[in-house]
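A.B. asks: Questions regarding the structure given below will be posed in turn.
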Amino acid sequence: MAGHPSIAKHPNLDEWIEIAAGGRIIVHTGKVELGQRIYTALAIIAAEELDVDYERIEVRRAETGVDPNEGMTTGSMSMQHSGTAIRLAGATARRRLMELAAERLDVAVDSLEVEDGLVQSRDSNQSVTYWDLMAGKRFGIAVDEAVDIKPPEAHTRVGRTATPKGMAEIVTGRMTYLHDLAMPGLMHARLVRPPHYFARLKGLDAAAVERLSVDGVTVVREGSFLAVAAADEYAAVKAAERLKAAAAWEEGDGLATPELFEALTANERLSFPVAAGGAPVDEAVPELAPPPEDAAVTLSASYEKPYIMHGSMGPSAGCALAEDGRLTVWTHSQGIYALRGALARALEMDEAALHLVFTPAAGCYGHNGADDAAFEAALIARAIPGVPILLKWTRDDEHAWEPYGSATVCALRGSLDGDGNIIDWSHESYGDTFMGRPVPGRYDLPESRLVSTHFREPALDWPVAEPAMGAHIGIHRNLEPLYAIPRPRLVKNLVRGLPLRTSALRSLGAFGNVAALESFMDELAAAAGIDPVEFRLRHLDDERARDVVETLGARMAADRAGAEEGRGAGIAFARYKNVAAYCAVGIEVAVTDEATVRLHRAWIVADAGEVVDPGGLTAQLEGGLIQAASWTLYEQVSWNGGGITSRDWESYPIIRFDNIPEVETVLMERPGLPFLGAGETVAGPTGGAIANAIFAASGLRLRRMPFDADAIRKAALQ
Amino acid sequence: MTAIRLQVNGTAQEIEADPDTPLIFVLRNHLGLTGPKLGCGQEQCGACVVLVDGVATNTCVRAASEFAGAEIVTIEGLAENGALSPVQQAFLAEGAAQCGYCTSGMIIAVTALLRRDPKPGAAEIAEALHDNLCRCGSHRRVLAAIDRLIEEGA
Ligand code: FES
Ligand code: FES
């Protein structure tokens with residue numbers, strides 16, 4: 001555990017744990033709560049190491065300058081980062097508290113016992129609490145990375161479901177989201193967006209603007225950036241409509257409307273071979289050679305996925321207050337320190353004059369409009385100094401302006417020998433970037449990742465993405481199969497000239513890559529006449545991987561998955577990024593007479609290392625499965641030259657209660673093993689398992705998402 | 001500006017507002033009841049749902065003035081004498097929320113459904129919750145909470 005990244009940056013124990021008044025313990029984390037129950041898991045870990053009741057632990061919402069900078073809350077890394085850091089901090093704090101107690105009670109440290117923060121000595125009848133010992137003082141020592149942490153067999157809290165932090169507030173409506181902030185003098189703001197990315201404001205009816213100001217509305221204009229603010233929220237809503245009617249736009253060429261999947265493979269692109277370990281290398285891509293001579297079977301197939309949305313239930317929002325040269329921003333960004341840097345650049349302010357406070361919003365599942373809205377709130381706030389500005393995007397803003405998950409094409413070819421072993425494999429993945437976050441240090445102009453920098457004056461150019469070259473990043477996440485395949489040919493293609501704005505969406509490229517390669521595994525298994533579970537096991541050496549696949553197979557067999565007339569079951573497997581959680585998914589479906597896919601049952605088997613909060617982990621896995629099922633069956637962003645046409649929940653349908661499968665989740669018990677993040681692991685296997693289940697149920701092999709009635713009918717005609 | 005009289009969570013309220021103001025803004029901004037959420041403003045997602053005379057009703061489009069004389073109950077008004085309502089308890093017990101943004105609307109919709117039909121079947125449940133969207137995928141837990149309530153006969 002040496003060299004923990006969060007501890008290296010924030011070595012002081014006081015940066016992590018505070019023994020606070022009122023019998024509370026405050027835990028600081030740089031990670032943010034997005035509905036993934038990270039605060040619950042961190043509180044359990046802290047309670048365990050400190051030997052206090054879980055209820056005493058409060059996890060603070062991160063704030064710049066106050067809480068640790070742990071980078072982004074992304075990539076299912078929070079448990080490795082913050083979970084491990086807080087475990088070490090908790091153990092260091094406990095050891096220190098024992099030393100203080102021994103001194104105070106004048107007994108030996110090893111005579112001490114703790115229960116819920118009450119320290120007692122077996123050698124005397126005296127006791128003292130953590131709060132007496134600290135009495136508002138700070139620890140003043142460093143977190144010891146070599147501290148003894150509790151052995152798993154001594155755990156009484158880790159591994160047991162706790163009532164999630166915030167759940168009582170949620171069910172009573174008392175949870176404060178960013179959208180709910182109230183401050184004296186606060187003004188509500190709304191934007192007036194251009195029709196699309198490339199439109200420019202060419203005229204604004206001055207008389208209409210004047211009438212708005214007479215009505216007490218402030219109009220903010222910077223170039224083509226337009227917003228309104230009013231004390232009353234509904235007045236702002238109506239003012240935005242009036243301002244919209246008063247604005248004329250120069251639309252230029254509009255959005256490009258190529259045949260999407262053709263453009264993905266035909267456009268100019270940067271191509272890199274991906275080496276063992278999952279990182280691209282800056283070398284020429286090897287030609288696809290003819291299949292090996294001893295190949296008994298060779299198959300080729302392409303799998304296509306359209307642009308999909310984060311589709312947060314709460315449109316993005318930002319709140320900002322500009323006062324005395326300083327700017328405070330309340331934001332639901334996944335990276336408040338990175339956003340602070342980008343805002344400082346965009347606003348030409350000193351970072352030290354910016355204070356960002358994380359405030360929760362609806363689940364985001366990646367890079368949605370949070371950062372953009374924070375910047376826009378700041379622009380408005382600077383125009384109306386001294387007044388807190390609460391900007392809310394509308395549903396239309398959110399649908400049309402969030403950065404989508406890229407459309408992708410995965411082209412696979414594979415060969416089997418006469419015994420059904422894979423002897424040759426090629427997988428080329430084509431897509432736009434998943435790396436669109438405004439992160440200083442990652443790009444030259446991080447602020448150009450904030451939408452409104454393209455509309456204010458001087459307008460920045462839309463960024464051209466650099467290829468990400470790390471292992472399992474972006475387009476090539478989970479491009480490398482975990483299966484034992486000799487020298488697979490793996491190619492990442494960062495495609496240029498695609499029409500829509502894209503960035504990180506839950507699991508990045510892994511969803512498309514895993515869904516494709518797991519569909520292809522089934523196609524190969526069928527060609528060889530081998531059972532899909534057996535076929536995967538043949539190609540898996542990793543014991544933990546074998547375990548989840550075998551367990552899934554056994555469960556589904558016991559539950560007679562797919563046995564009922566008209567139903568079919570499929571499976572898929574992946575280890576997220578080939579280093580995080582293992583996950584095997586089974587799905588049972590029927591294809592209805594209306595050519596829709598009905599999800600009947602689902603099974604998830606996951607090995608996420610040591611499990612801290614089984615309830616939270618299960619909820620993450622189930623939720624991820626339902627969301628990925630929605631992507632797979634229903635979703636695609638549509639547009640035309642005039643802009644995005646998926647602008648509400650009618651034009652961009654998502655899954656509803658009428659198609660929620662029963663889900664059985666099995667968590668492998670791995671006490672003492674490192675935490676493996678799990679929030680994203682289930683997405684790819686879900687897509688693959690649905691495709692495979694549809695094939696089992698109907699004989700139709702679908703390769704272009706979404707698998708809606710159109711797709712089923714088309715496939716049936718072929 | 002006109003005076004709008006409303007009966008909210010058992011209390012008579014009088015608010016000065018533009019008579020067209022959708023009920024959601026009055027609840028959230030004038031009365032400080034921020035449990036109902038603005039999700040779409042188009043009667044498509046169910047985040048803003050409250051009980052109106054016992055019926056789950058969207059509040060993001062219809063003017064507050066149209067609700068005069070009706071009994072409005074928001075999520076904040078479900079608890080009685082400080083005790084969570086059975087539906088709230090079931091959601092809590094099942095962990096039937098992730099980010100929680102849709103949850104207020106879900107709890108209200110389930111409350112209305114079970115008052116109407118204490119033993120709904122799967123089809124009735126799907127129908128009643130058809131316009132309650134959730135992006136986190138909390139559906140399975142919400143269904144578990146409903147099962148628990150049906151079993152308890154609450
Ligand atoms: S906010 Fe009213 S239904 Fe969506
Ligand atoms: S719990 Fe997040 S939208 Fe439903």
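Residue numbering restarts at 1 in every chain; chains get A, B, ... in the order shown in the structure tokens, and ligands count up from 1 in that same order.
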Can you pull out every residue within 6 Å of Tyr582 of chain A, counting only C-alpha atoms, but drop anything in the same chain fewer than 6 positions away, and send it as a compact mmCIF listing (two decimals) with N, CA, C and O atoms, in the first residue's frame?
C.D. replies:
```txt
# COMPACT_ATOMS: atom_id res chain seq x y z
N ARG A 575 -13.80 -8.16 -17.00
CA ARG A 575 -13.17 -7.57 -15.83
C ARG A 575 -12.91 -6.12 -16.20
O ARG A 575 -12.17 -5.84 -17.16
N ALA A 606 -20.51 -10.76 -9.23
CA ALA A 606 -19.42 -9.78 -9.23
C ALA A 606 -18.40 -10.10 -8.15
O ALA A 606 -18.75 -10.53 -7.05
N ASP A 607 -17.16 -9.88 -8.50
CA ASP A 607 -16.06 -9.97 -7.54
C ASP A 607 -15.40 -8.60 -7.55
O ASP A 607 -14.69 -8.24 -8.49
```
A.B. asks: Can you tell me which residues sit at most 6 Å away from ligand 1, counting only C-alpha atoms and all ligand atoms, written as a PyMOL selection string?
C.D. replies: chain B and resi 38-48+58-60
A.B. asks: Restricted to N, CA and C atoms, what would the selected residues look like written as a PDB file, in the first residue's frame?
C.D. replies:
```
ATOM      1  N   LEU B  38     -37.808  19.572  -9.994  1.00  0.00           N
ATOM      2  CA  LEU B  38     -38.040  19.934 -11.381  1.00  0.00           C
ATOM      3  C   LEU B  38     -37.121  19.042 -12.229  1.00  0.00           C
ATOM      4  N   GLY B  39     -37.716  18.154 -13.001  1.00  0.00           N
ATOM      5  CA  GLY B  39     -36.897  17.244 -13.806  1.00  0.00           C
ATOM      6  C   GLY B  39     -37.004  17.530 -15.291  1.00  0.00           C
ATOM      7  N   CYS B  40     -38.200  17.889 -15.732  1.00  0.00           N
ATOM      8  CA  CYS B  40     -38.379  18.132 -17.161  1.00  0.00           C
ATOM      9  C   CYS B  40     -39.223  19.360 -17.450  1.00  0.00           C
ATOM     10  N   GLY B  41     -40.146  19.673 -16.548  1.00  0.00           N
ATOM     11  CA  GLY B  41     -41.027  20.804 -16.821  1.00  0.00           C
ATOM     12  C   GLY B  41     -41.996  20.544 -17.956  1.00  0.00           C
ATOM     13  N   GLN B  42     -42.155  19.289 -18.324  1.00  0.00           N
ATOM     14  CA  GLN B  42     -42.981  18.936 -19.480  1.00  0.00           C
ATOM     15  C   GLN B  42     -43.933  17.787 -19.186  1.00  0.00           C
ATOM     16  N   GLU B  43     -44.154  17.512 -17.913  1.00  0.00           N
ATOM     17  CA  GLU B  43     -45.029  16.401 -17.515  1.00  0.00           C
ATOM     18  C   GLU B  43     -44.602  15.071 -18.128  1.00  0.00           C
ATOM     19  N   GLN B  44     -43.303  14.841 -18.145  1.00  0.00           N
ATOM     20  CA  GLN B  44     -42.804  13.594 -18.736  1.00  0.00           C
ATOM     21  C   GLN B  44     -42.024  12.701 -17.780  1.00  0.00           C
ATOM     22  N   CYS B  45     -41.614  13.199 -16.609  1.00  0.00           N
ATOM     23  CA  CYS B  45     -40.669  12.404 -15.822  1.00  0.00           C
ATOM     24  C   CYS B  45     -41.140  12.048 -14.420  1.00  0.00           C
ATOM     25  N   GLY B  46     -42.088  12.763 -13.878  1.00  0.00           N
ATOM     26  CA  GLY B  46     -42.625  12.412 -12.563  1.00  0.00           C
ATOM     27  C   GLY B  46     -41.848  12.929 -11.370  1.00  0.00           C
ATOM     28  N   ALA B  47     -40.787  13.702 -11.592  1.00  0.00           N
ATOM     29  CA  ALA B  47     -39.987  14.175 -10.457  1.00  0.00           C
ATOM     30  C   ALA B  47     -40.747  15.184  -9.594  1.00  0.00           C
ATOM     31  N   CYS B  48     -41.745  15.823 -10.183  1.00  0.00           N
ATOM     32  CA  CYS B  48     -42.432  16.936  -9.510  1.00  0.00           C
ATOM     33  C   CYS B  48     -43.764  16.527  -8.893  1.00  0.00           C
ATOM     34  N   ASN B  58     -48.725  15.780 -11.587  1.00  0.00           N
ATOM     35  CA  ASN B  58     -47.569  16.597 -11.971  1.00  0.00           C
ATOM     36  C   ASN B  58     -47.823  18.055 -11.616  1.00  0.00           C
ATOM     37  N   THR B  59     -46.771  18.746 -11.214  1.00  0.00           N
ATOM     38  CA  THR B  59     -46.934  20.149 -10.801  1.00  0.00           C
ATOM     39  C   THR B  59     -46.112  21.102 -11.651  1.00  0.00           C
ATOM     40  N   CYS B  60     -45.452  20.590 -12.690  1.00  0.00           N
ATOM     41  CA  CYS B  60     -44.475  21.426 -13.388  1.00  0.00           C
ATOM     42  C   CYS B  60     -45.074  22.252 -14.506  1.00  0.00           C
TER      43      CYS B  60
END
```
A.B. asks: For chain B, list the residues within 6 Å of chain A, counting only C-alpha atoms, and write the list as a PyMOL selection string.
C.D. replies: chain B and resi 35+39-40+75-76+88+98-101+126+136-138
A.B. asks: With N, CA, C and O atoms retained, export the selected residues as a PDB file, in the first residue's frame.
C.D. replies:
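Output contents, as saved in selection_30.pdb:
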```pdb
ATOM      1  N   GLY B  35     -38.826  19.230  -1.663  1.00  0.00           N
ATOM      2  CA  GLY B  35     -38.867  17.787  -1.935  1.00  0.00           C
ATOM      3  C   GLY B  35     -39.268  17.488  -3.369  1.00  0.00           C
ATOM      4  O   GLY B  35     -38.587  16.732  -4.068  1.00  0.00           O
ATOM      5  N   GLY B  39     -37.716  18.154 -13.001  1.00  0.00           N
ATOM      6  CA  GLY B  39     -36.897  17.244 -13.806  1.00  0.00           C
ATOM      7  C   GLY B  39     -37.004  17.530 -15.291  1.00  0.00           C
ATOM      8  O   GLY B  39     -36.044  17.398 -16.032  1.00  0.00           O
ATOM      9  N   CYS B  40     -38.200  17.889 -15.732  1.00  0.00           N
ATOM     10  CA  CYS B  40     -38.379  18.132 -17.161  1.00  0.00           C
ATOM     11  C   CYS B  40     -39.223  19.360 -17.450  1.00  0.00           C
ATOM     12  O   CYS B  40     -39.057  19.993 -18.483  1.00  0.00           O
ATOM     13  N   ILE B  75     -44.034  15.425  -0.429  1.00  0.00           N
ATOM     14  CA  ILE B  75     -43.271  14.422   0.315  1.00  0.00           C
ATOM     15  C   ILE B  75     -43.044  14.866   1.761  1.00  0.00           C
ATOM     16  O   ILE B  75     -43.047  14.050   2.683  1.00  0.00           O
ATOM     17  N   GLU B  76     -42.904  16.157   1.960  1.00  0.00           N
ATOM     18  CA  GLU B  76     -42.661  16.671   3.317  1.00  0.00           C
ATOM     19  C   GLU B  76     -43.872  16.462   4.210  1.00  0.00           C
ATOM     20  O   GLU B  76     -43.747  16.489   5.442  1.00  0.00           O
ATOM     21  N   GLN B  88     -42.627   5.607   2.947  1.00  0.00           N
ATOM     22  CA  GLN B  88     -41.278   6.127   3.210  1.00  0.00           C
ATOM     23  C   GLN B  88     -40.426   5.092   3.936  1.00  0.00           C
ATOM     24  O   GLN B  88     -39.255   4.893   3.618  1.00  0.00           O
ATOM     25  N   GLN B  98     -31.056   5.953  -5.282  1.00  0.00           N
ATOM     26  CA  GLN B  98     -29.606   6.166  -5.385  1.00  0.00           C
ATOM     27  C   GLN B  98     -29.345   7.647  -5.236  1.00  0.00           C
ATOM     28  O   GLN B  98     -29.150   8.127  -4.143  1.00  0.00           O
ATOM     29  N   CYS B  99     -29.393   8.410  -6.324  1.00  0.00           N
ATOM     30  CA  CYS B  99     -29.193   9.845  -6.137  1.00  0.00           C
ATOM     31  C   CYS B  99     -30.390  10.481  -5.444  1.00  0.00           C
ATOM     32  O   CYS B  99     -30.273  11.522  -4.819  1.00  0.00           O
ATOM     33  N   GLY B 100     -31.561   9.863  -5.587  1.00  0.00           N
ATOM     34  CA  GLY B 100     -32.742  10.348  -4.883  1.00  0.00           C
ATOM     35  C   GLY B 100     -33.524  11.440  -5.599  1.00  0.00           C
ATOM     36  O   GLY B 100     -34.541  11.894  -5.083  1.00  0.00           O
ATOM     37  N   TYR B 101     -33.059  11.829  -6.756  1.00  0.00           N
ATOM     38  CA  TYR B 101     -33.725  12.942  -7.437  1.00  0.00           C
ATOM     39  C   TYR B 101     -35.145  12.573  -7.870  1.00  0.00           C
ATOM     40  O   TYR B 101     -36.045  13.401  -7.847  1.00  0.00           O
ATOM     41  N   ALA B 126     -46.669  -1.208 -13.025  1.00  0.00           N
ATOM     42  CA  ALA B 126     -45.941  -0.639 -14.168  1.00  0.00           C
ATOM     43  C   ALA B 126     -46.740   0.504 -14.784  1.00  0.00           C
ATOM     44  O   ALA B 126     -46.181   1.532 -15.178  1.00  0.00           O
ATOM     45  N   CYS B 136     -30.908   6.299 -12.424  1.00  0.00           N
ATOM     46  CA  CYS B 136     -29.929   5.521 -11.652  1.00  0.00           C
ATOM     47  C   CYS B 136     -30.257   4.033 -11.665  1.00  0.00           C
ATOM     48  O   CYS B 136     -29.451   3.214 -11.223  1.00  0.00           O
ATOM     49  N   GLY B 137     -31.432   3.675 -12.110  1.00  0.00           N
ATOM     50  CA  GLY B 137     -31.800   2.264 -12.103  1.00  0.00           C
ATOM     51  C   GLY B 137     -32.232   1.787 -10.733  1.00  0.00           C
ATOM     52  O   GLY B 137     -31.929   0.667 -10.330  1.00  0.00           O
ATOM     53  N   SER B 138     -32.957   2.627 -10.010  1.00  0.00           N
ATOM     54  CA  SER B 138     -33.427   2.203  -8.683  1.00  0.00           C
ATOM     55  C   SER B 138     -34.732   1.414  -8.786  1.00  0.00           C
ATOM     56  O   SER B 138     -35.295   1.009  -7.766  1.00  0.00           O
TER      57      SER B 138
END
```
A.B. asks: Got a sec to tell me which of segment 148-210 of chain A DSSP assigns to helix (DSSP H, G or I), as a list of chain:residue names?
C.D. replies: A:Pro152, A:Glu153, A:Ala154, A:Met167, A:Ala168, A:Glu169, A:Ile170, A:Val171, A:Thr172, A:Leu178, A:His179, A:Asp180, A:Ala206, A:Ala207, A:Ala208, A:Val209, A:Glu210
A.B. asks: Write out as a ChimeraX atom specification each polymer residue whose atoms come within 10 Å of segment 51-55 of chain B, counting only C-alpha atoms; drop sequence neighbours fewer than 5 positions from it.
C.D. replies: /B:7-9,67,69-75,77-78,105,108-109,111-113,115-116
A.B. asks: Write the residues of the preceding selection, restricted to N, CA and C atoms, as an mmCIF file, in the first residue's frame.
C.D. replies:
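That gives us result.cif:
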```cif
data_model
loop_
_atom_site.group_PDB
_atom_site.id
_atom_site.type_symbol
_atom_site.label_atom_id
_atom_site.label_comp_id
_atom_site.auth_asym_id
_atom_site.auth_seq_id
_atom_site.Cartn_x
_atom_site.Cartn_y
_atom_site.Cartn_z
ATOM 1 N N GLN B 7 -54.096 24.794 -0.009
ATOM 2 C CA GLN B 7 -54.078 23.970 1.190
ATOM 3 C C GLN B 7 -52.934 22.963 1.011
ATOM 4 N N VAL B 8 -51.829 23.173 1.738
ATOM 5 C CA VAL B 8 -50.651 22.341 1.507
ATOM 6 C C VAL B 8 -50.224 21.659 2.803
ATOM 7 N N ASN B 9 -50.121 20.373 2.763
ATOM 8 C CA ASN B 9 -49.701 19.588 3.925
ATOM 9 C C ASN B 9 -50.501 19.972 5.171
ATOM 10 N N PHE B 67 -55.094 24.903 -8.506
ATOM 11 C CA PHE B 67 -55.152 23.935 -7.401
ATOM 12 C C PHE B 67 -55.865 24.507 -6.169
ATOM 13 N N GLY B 69 -58.399 25.172 -3.472
ATOM 14 C CA GLY B 69 -59.479 24.327 -2.974
ATOM 15 C C GLY B 69 -59.120 22.854 -2.879
ATOM 16 N N ALA B 70 -57.997 22.466 -3.475
ATOM 17 C CA ALA B 70 -57.603 21.055 -3.413
ATOM 18 C C ALA B 70 -56.685 20.820 -2.215
ATOM 19 N N GLU B 71 -56.649 19.582 -1.792
ATOM 20 C CA GLU B 71 -55.770 19.186 -0.697
ATOM 21 C C GLU B 71 -54.450 18.714 -1.313
ATOM 22 N N ILE B 72 -53.386 19.506 -1.108
ATOM 23 C CA ILE B 72 -52.088 19.166 -1.706
ATOM 24 C C ILE B 72 -51.188 18.559 -0.626
ATOM 25 N N VAL B 73 -50.579 17.443 -0.939
ATOM 26 C CA VAL B 73 -49.621 16.853 0.004
ATOM 27 C C VAL B 73 -48.316 16.595 -0.740
ATOM 28 N N THR B 74 -47.225 17.149 -0.224
ATOM 29 C CA THR B 74 -45.905 16.901 -0.807
ATOM 30 C C THR B 74 -45.205 15.827 0.023
ATOM 31 N N ILE B 75 -44.034 15.425 -0.429
ATOM 32 C CA ILE B 75 -43.271 14.422 0.315
ATOM 33 C C ILE B 75 -43.044 14.866 1.761
ATOM 34 N N GLY B 77 -45.044 16.279 3.592
ATOM 35 C CA GLY B 77 -46.257 16.159 4.387
ATOM 36 C C GLY B 77 -46.706 14.735 4.617
ATOM 37 N N LEU B 78 -45.894 13.760 4.206
ATOM 38 C CA LEU B 78 -46.325 12.357 4.347
ATOM 39 C C LEU B 78 -46.171 11.832 5.766
ATOM 40 N N GLY B 105 -40.959 11.862 -6.178
ATOM 41 C CA GLY B 105 -42.049 11.541 -7.100
ATOM 42 C C GLY B 105 -42.451 10.080 -7.025
ATOM 43 N N ILE B 108 -44.480 9.446 -3.783
ATOM 44 C CA ILE B 108 -45.831 9.976 -3.930
ATOM 45 C C ILE B 108 -46.652 9.063 -4.847
ATOM 46 N N ALA B 109 -46.075 8.656 -5.967
ATOM 47 C CA ALA B 109 -46.821 7.817 -6.915
ATOM 48 C C ALA B 109 -47.210 6.487 -6.277
ATOM 49 N N THR B 111 -47.563 5.939 -3.037
ATOM 50 C CA THR B 111 -48.569 6.240 -2.012
ATOM 51 C C THR B 111 -49.966 6.304 -2.646
ATOM 52 N N ALA B 112 -50.062 7.026 -3.750
ATOM 53 C CA ALA B 112 -51.362 7.167 -4.421
ATOM 54 C C ALA B 112 -51.851 5.816 -4.938
ATOM 55 N N LEU B 113 -50.939 5.053 -5.511
ATOM 56 C CA LEU B 113 -51.323 3.741 -6.050
ATOM 57 C C LEU B 113 -51.891 2.844 -4.956
ATOM 58 N N ARG B 115 -53.125 3.560 -2.079
ATOM 59 C CA ARG B 115 -54.392 4.025 -1.507
ATOM 60 C C ARG B 115 -55.545 3.587 -2.377
ATOM 61 N N ARG B 116 -55.294 3.592 -3.672
ATOM 62 C CA ARG B 116 -56.321 3.233 -4.639
ATOM 63 C C ARG B 116 -56.520 1.732 -4.680
#
```
